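Below you'll find the structure, written out as structure tokens, and then a few comments.
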Amino acid sequence: DLLRSAVDVRARLLGPDDPRTLDARDALATGYRLAGRHAEAVDLAAVVADVRRRDLGPADVATLAARTALALAQAAGGHLTAAVTVLDS
């Protein structure tokens, strides 16, 4: 999987919490969501949202985008209540 390889390389070279690594993880999570691999999408999107919140704060635009991506992944997997909770918190 090309996107998975990109994430692994970026994590190894730049560190797991580098913004470029997080961008690659976000892209992979989106790909998983669109491919119907919802659990994997949620797992990756949650990591991105958690790191962005920790590093940038809850009101940063990148954090908000990551939380939206997490909610989309949860909703796609049928977890609508969890998605609403992410968006409301």
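Letters A, B, ... mark the chains of the structure tokens in the order given; residue numbers begin at 1 per chain; ligand numbers begin at 1, in order shown.
With only C-alpha atoms taken into account, the protein and nucleic acid residues at most 9 Å from A:Ala62 (excluding it and anything under 5 positions from it in its own chain) are Ala49, Arg52, Arg53, Leu56 and Arg67 of chain A.
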How would the residues just picked look written out with C-alpha atoms as an mmCIF file, in the first residue's frame?
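selection-v3.cif, written as the output of this step:
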```cif
data_model
loop_
_atom_site.group_PDB
_atom_site.id
_atom_site.type_symbol
_atom_site.label_atom_id
_atom_site.label_comp_id
_atom_site.auth_asym_id
_atom_site.auth_seq_id
_atom_site.Cartn_x
_atom_site.Cartn_y
_atom_site.Cartn_z
ATOM 1 C CA ALA A 49 -6.700 14.514 16.015
ATOM 2 C CA ARG A 52 -2.930 18.015 16.659
ATOM 3 C CA ARG A 53 -4.961 18.893 19.746
ATOM 4 C CA LEU A 56 -1.705 22.995 18.439
ATOM 5 C CA ARG A 67 -11.565 16.265 14.424
#
```
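The coordinates place atom CA of A:Val61 at 22.7 Å from atom CA of A:Tyr32.
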Residue among A:Ala59, A:Leu34, A:Ala69, A:Ala27 lying closest to A:Ser89, counting only C-alpha atoms: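 Checking each candidate against A:Ser89, we get A:Ala59 as the closest.
Here atom CA of A:Glu40 and atom CA of A:Asp8 stand 15.3 Å from one another.
Using only C-alpha atoms for every distance, the candidate list A:Ala66, A:Leu72, A:Val48, A:Ala82 yields A:Val48 as the residue closest to A:Leu22.
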Name the residues of chain A that fall into alpha helix (DSSP H) according to DSSP on the backbone, using the chain letters and numbers of this document, as a ChimeraX atom specification. /A:2-14,19-34,38-56,61-76,80-88
Judged by only C-alpha atoms, the minimum distance to A:Thr68 among A:Ala46, A:Asp17, A:Ala6, A:Arg25 is found for A:Ala46
Please report the interatomic distance between atom CA of A:Ala71 and atom CA of A:Arg12 in Å with one decimal.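 These two atoms are separated by 27.6 Å.
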